[in-house]
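K.L.:
Data file input-v1.txt (compact mmCIF, C-alpha atoms) is appended below.
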```txt
# COMPACT_ATOMS: atom_id res chain seq x y z
CA MET Z 1 88.14 151.12 98.05
CA SER Z 2 90.11 151.84 101.19
CA THR Z 3 93.84 152.40 100.83
CA GLY Z 4 94.42 151.78 104.53
CA LYS Z 5 96.42 148.77 105.67
CA PHE Z 6 95.94 146.62 108.75
CA ILE Z 7 99.19 145.32 110.28
CA THR Z 8 99.30 143.24 113.44
CA PHE Z 9 102.18 142.21 115.68
CA GLU Z 10 102.13 138.88 117.49
CA GLY Z 11 104.44 136.94 119.79
CA GLY Z 12 104.91 135.67 123.30
CA GLU Z 13 105.51 137.66 126.46
CA GLY Z 14 108.51 139.99 126.33
CA ALA Z 15 109.03 139.61 122.58
CA GLY Z 16 109.30 143.38 122.05
CA LYS Z 17 106.09 143.87 120.10
CA SER Z 18 105.17 147.22 121.64
CA THR Z 19 108.56 148.69 120.77
CA GLN Z 20 108.32 147.54 117.16
CA VAL Z 21 104.72 148.78 116.85
CA ARG Z 22 105.93 152.24 117.87
CA LEU Z 23 108.99 152.21 115.60
CA LEU Z 24 107.08 151.05 112.54
CA SER Z 25 104.30 153.56 113.17
CA ASN Z 26 106.82 156.39 113.46
CA SER Z 27 108.48 155.37 110.20
CA LEU Z 28 105.18 155.15 108.36
CA GLN Z 29 104.18 158.58 109.64
CA ARG Z 30 107.44 160.01 108.33
CA HIS Z 31 106.45 158.63 104.94
CA GLY Z 32 103.14 160.46 105.01
CA LYS Z 33 100.86 157.70 106.24
CA LYS Z 34 98.12 158.38 108.75
CA ILE Z 35 98.52 155.84 111.53
CA VAL Z 36 96.43 154.61 114.43
CA MET Z 37 98.40 152.55 116.96
CA THR Z 38 96.26 150.27 119.05
CA ARG Z 39 96.36 147.04 121.06
CA GLU Z 40 94.43 143.99 122.19
CA PRO Z 41 92.84 143.30 124.46
CA GLY Z 42 91.88 146.95 124.53
CA GLY Z 43 92.00 149.73 121.99
CA SER Z 44 88.54 151.14 122.74
CA ILE Z 45 86.88 152.31 125.95
CA LYS Z 46 84.82 149.16 126.48
CA ALA Z 47 87.63 146.87 125.39
CA GLU Z 48 90.08 148.51 127.81
CA ALA Z 49 87.69 147.78 130.69
CA ILE Z 50 87.61 144.12 129.62
CA ARG Z 51 91.42 144.12 129.33
CA LYS Z 52 91.70 145.00 133.00
CA LEU Z 53 89.53 142.05 133.99
CA LEU Z 54 91.48 139.64 131.81
CA LEU Z 55 95.00 140.66 132.80
CA GLU Z 56 94.17 140.82 136.48
CA GLY Z 57 93.10 137.19 136.26
CA ARG Z 58 89.59 137.83 137.53
CA VAL Z 59 88.12 135.79 134.66
CA ALA Z 60 90.60 132.91 134.86
CA LYS Z 61 88.52 130.99 137.40
CA PHE Z 62 85.77 130.63 134.80
CA GLY Z 63 88.14 128.87 132.39
CA PRO Z 64 89.62 129.51 128.92
CA PHE Z 65 86.24 129.52 127.16
CA ALA Z 66 85.07 132.46 129.26
CA GLU Z 67 88.36 134.23 128.49
CA ALA Z 68 87.94 133.57 124.77
CA LEU Z 69 84.40 134.98 124.88
CA LEU Z 70 85.57 138.14 126.63
CA PHE Z 71 88.47 138.57 124.21
CA SER Z 72 85.95 138.27 121.38
CA LEU Z 73 83.62 140.78 123.02
CA ALA Z 74 86.48 143.24 123.41
CA ARG Z 75 87.59 142.61 119.82
CA ASP Z 76 84.10 143.24 118.47
CA ASP Z 77 83.95 146.67 120.09
CA HIS Z 78 87.53 147.42 119.05
CA LEU Z 79 86.74 146.58 115.44
CA GLU Z 80 83.53 148.60 115.36
CA SER Z 81 84.86 151.61 117.29
CA VAL Z 82 88.42 151.91 116.01
CA ILE Z 83 89.77 149.50 113.42
CA ARG Z 84 87.10 149.50 110.72
CA PRO Z 85 86.41 153.27 110.85
CA THR Z 86 90.15 153.94 110.59
CA LEU Z 87 90.63 151.63 107.62
CA ASN Z 88 87.55 153.07 105.91
CA LYS Z 89 89.16 156.51 106.08
CA GLY Z 90 92.23 155.18 104.28
CA SER Z 91 94.47 155.31 107.36
CA TRP Z 92 96.67 152.48 108.57
CA VAL Z 93 96.08 150.46 111.74
CA ILE Z 94 99.08 149.00 113.58
CA CYS Z 95 97.86 146.67 116.31
CA ASP Z 96 99.75 145.01 119.16
CA ARG Z 97 98.06 141.56 119.17
CA PHE Z 98 94.88 140.52 117.42
CA MET Z 99 93.05 137.29 116.54
CA ASP Z 100 96.13 135.04 116.46
CA SER Z 101 96.75 135.67 120.15
CA THR Z 102 93.36 134.19 121.02
CA LEU Z 103 94.12 131.06 119.00
CA ALA Z 104 97.51 130.74 120.68
CA TYR Z 105 96.69 131.68 124.27
CA GLN Z 106 93.21 130.22 124.73
CA GLY Z 107 93.64 127.52 122.08
CA ALA Z 108 97.08 125.97 122.53
CA GLY Z 109 97.62 127.51 125.95
CA GLY Z 110 94.14 126.88 127.34
CA ASN Z 111 93.40 123.68 125.39
CA LEU Z 112 90.30 125.06 123.70
CA PRO Z 113 89.49 123.45 120.33
CA ALA Z 114 90.80 125.48 117.43
CA SER Z 115 87.46 124.97 115.67
CA LEU Z 116 85.67 126.81 118.48
CA ILE Z 117 88.04 129.77 118.36
CA ARG Z 118 87.85 129.89 114.56
CA ALA Z 119 84.05 130.03 114.83
CA LEU Z 120 84.30 133.03 117.16
CA GLU Z 121 86.82 134.58 114.78
CA ARG Z 122 84.51 134.20 111.77
CA THR Z 123 81.65 135.77 113.69
CA VAL Z 124 83.57 138.72 115.15
CA VAL Z 125 86.39 139.43 112.69
CA GLY Z 126 84.61 138.50 109.49
CA ASP Z 127 86.60 139.79 106.53
CA THR Z 128 88.63 142.32 108.57
CA ILE Z 129 91.70 140.09 108.38
CA PRO Z 130 95.11 141.75 108.82
CA ASP Z 131 96.95 142.50 105.59
CA LEU Z 132 100.20 141.58 107.31
CA THR Z 133 101.05 139.90 110.59
CA ILE Z 134 104.55 140.26 112.00
CA LEU Z 135 105.42 137.47 114.42
CA ILE Z 136 108.36 138.22 116.70
CA ASP Z 137 109.68 134.85 117.81
CA LEU Z 138 111.65 134.48 121.02
CA PRO Z 139 112.58 131.56 123.30
CA PRO Z 140 110.11 131.75 126.18
CA GLU Z 141 112.72 131.80 128.92
CA ILE Z 142 114.21 134.97 127.42
CA GLY Z 143 110.82 136.58 126.88
CA ILE Z 144 109.59 135.90 130.40
CA GLY Z 145 112.82 137.26 131.83
CA ARG Z 146 112.34 140.45 129.85
CA ALA Z 147 108.67 140.75 130.84
CA GLN Z 148 109.42 140.28 134.53
CA ALA Z 149 112.23 142.83 134.44
CA ARG Z 150 109.97 145.32 132.68
CA GLN Z 151 107.16 144.77 135.16
CA LYS Z 152 109.48 145.31 138.10
CA GLN Z 153 110.93 148.46 136.57
CA ASN Z 154 107.59 149.97 135.60
CA THR Z 155 105.36 149.12 138.53
CA GLY Z 156 107.22 146.95 140.99
CA GLY Z 157 104.11 144.77 141.08
CA ASP Z 158 103.33 141.17 140.27
CA PRO Z 159 103.28 139.81 136.70
CA ASP Z 160 99.93 139.78 134.93
CA ARG Z 161 97.74 136.72 134.45
CA PHE Z 162 99.63 135.41 131.41
CA GLU Z 163 103.17 136.37 132.36
CA ALA Z 164 102.69 134.34 135.54
CA MET Z 165 101.94 131.09 133.69
CA ASN Z 166 104.54 128.30 133.85
CA MET Z 167 107.21 127.67 131.24
CA LYS Z 168 105.33 124.72 129.76
CA PHE Z 169 102.47 127.08 128.90
CA HIS Z 170 104.82 129.55 127.22
CA THR Z 171 106.54 126.78 125.27
CA ARG Z 172 103.15 125.67 123.88
CA LEU Z 173 102.40 129.29 123.12
CA ARG Z 174 105.55 129.73 121.05
CA LYS Z 175 104.82 126.60 119.03
CA ALA Z 176 101.25 127.75 118.45
CA PHE Z 177 102.38 131.09 117.02
CA LEU Z 178 104.91 129.39 114.74
CA ASP Z 179 102.23 126.95 113.55
CA ILE Z 180 99.89 129.87 112.78
CA ALA Z 181 102.60 131.56 110.73
CA GLU Z 182 103.39 128.34 108.86
CA ASN Z 183 99.71 127.88 107.99
CA ALA Z 184 99.27 131.47 106.76
CA PRO Z 185 102.52 132.26 104.89
CA ASP Z 186 100.98 134.99 102.72
CA ARG Z 187 99.94 136.97 105.78
CA CYS Z 188 102.49 136.07 108.47
CA VAL Z 189 106.22 136.78 108.52
CA VAL Z 190 108.45 135.57 111.37
CA PHE Z 191 111.31 137.66 112.76
CA ASP Z 192 113.95 136.75 115.32
CA GLY Z 193 113.18 138.62 118.54
CA GLN Z 194 116.74 138.16 119.81
CA ALA Z 195 118.00 140.75 117.31
CA PRO Z 196 118.77 144.24 118.68
CA PRO Z 197 115.65 146.47 118.49
CA ASP Z 198 117.08 148.85 115.88
CA GLU Z 199 118.23 145.97 113.68
CA LEU Z 200 114.86 144.27 113.99
CA ALA Z 201 113.06 147.53 113.19
CA LYS Z 202 115.07 147.91 109.98
CA LYS Z 203 114.24 144.37 108.87
CA ILE Z 204 110.56 144.97 109.53
CA TRP Z 205 110.68 148.27 107.66
CA ASP Z 206 112.39 146.62 104.70
CA LEU Z 207 109.54 144.11 104.53
CA VAL Z 208 106.78 146.71 104.86
CA SER Z 209 108.36 149.20 102.47
CA GLN Z 210 108.90 146.57 99.79
CA ARG Z 211 105.46 145.03 100.19
CA TYR Z 212 103.66 148.37 99.97
CA SER Z 213 106.04 150.19 97.60
CA LEU Z 214 107.34 152.72 100.12
CA ALA Z 215 110.79 154.32 100.27
CA PRO Z 216 113.27 151.61 101.34
CA LYS Z 217 115.19 153.57 103.98
CA ILE Z 218 114.37 154.01 107.66
CA ALA Z 219 115.28 156.87 109.95
CA MET Z 220 115.42 155.74 113.56
```
Translate the structure described by the file into structure tokens.
P.N.:
Amino acid sequence: MSTGKFITFEGGEGAGKSTQVRLLSNSLQRHGKKIVMTREPGGSIKAEAIRKLLLEGRVAKFGPFAEALLFSLARDDHLESVIRPTLNKGSWVICDRFMDSTLAYQGAGGNLPASLIRALERTVVGDTIPDLTILIDLPPEIGIGRAQARQKQNTGGDPDRFEAMNMKFHTRLRKAFLDIAENAPDRCVVFDGQAPPDELAKKIWDLVSQRYSLAPKIAM
């Protein structure tokens, strides 16, 4: 049996997921674990091409169902090309977003029936369910402010398709993520995204190290 673990990070825009993915991956590597950091949409060559279409908003005119289908298509290739082969080798996968984002964004955010998204999930994901999902919770007004500041600093361009949605959308999104975590308490753990990054990283490491019997300290 594989000894690899599959850990996903979820949350709204600007929650700090990418930073925590990197910090946790670095800590696991220092403890001798082989790590693949990846993201969704994306993570494989075909999935990255689909990511560009989705974040540029070129699919939005076809509605949330079309977006959900493309997310599922990207996820299928990501799973087959990267995630499953990595886990089968006994390495760990740390992924910035996965199936819960589709349920939150296209489900609660896009008003698609949860049953429809769950059907896509069963078909594409199957039994490759994350061992642990870390949800970084943040009030949407703070997260959007962070995301817009980051976008301006990095590219000076416009926000992507989802960052540009109104505050009502992001409020529904936050509730959806919290509902997902409440309904899957064995898999999902919620952390306060307003904590300083180093403090948050230590709390996440404490959880991971205890759950998987690793050394309890973290070196930042």
K.L.:
Restricting the calculation to only C-alpha atoms: of Z:Asp206, Z:Asp131, Z:Glu40, Z:Asp76, which residue gets closest to Lys5 (chain Z)?
P.N.:
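With only C-alpha atoms as the atom set, the closest residue is Z:Asp131.
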K.L.:
What is the CA of Gly110 (chain Z) to CA of Ala176 (chain Z) distance in Å?
P.N.:
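We find that CA of Gly110 (chain Z) and CA of Ala176 (chain Z) lie 11.4 Å from each other.
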K.L.:
Hey, can you pull every residue with an atom no more than 12 Å from (116.4, 140.7, 120.0), using only C-alpha atoms, and send it as number ranges by chain?
P.N.:
Z: 14-17, 19-20, 136-139, 142-143, 146, 191-201, 203
K.L.:
Find the residue from Z:Ile134, Z:Val125, Z:Ala114, Z:Leu214 that sits nearest to Arg75 (chain Z); use all atoms listed in the file when measuring.
P.N.:
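Answer, going by the shortest atom-to-atom distance: Z:Val125.
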K.L.:
Z:Ile144, Z:Ala108, Z:Leu69, Z:Ala47: which is nearest Leu173 (chain Z), counting all atoms listed in the file?
P.N.:
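Result for the nearest residue to Leu173 (chain Z): Z:Ala108.
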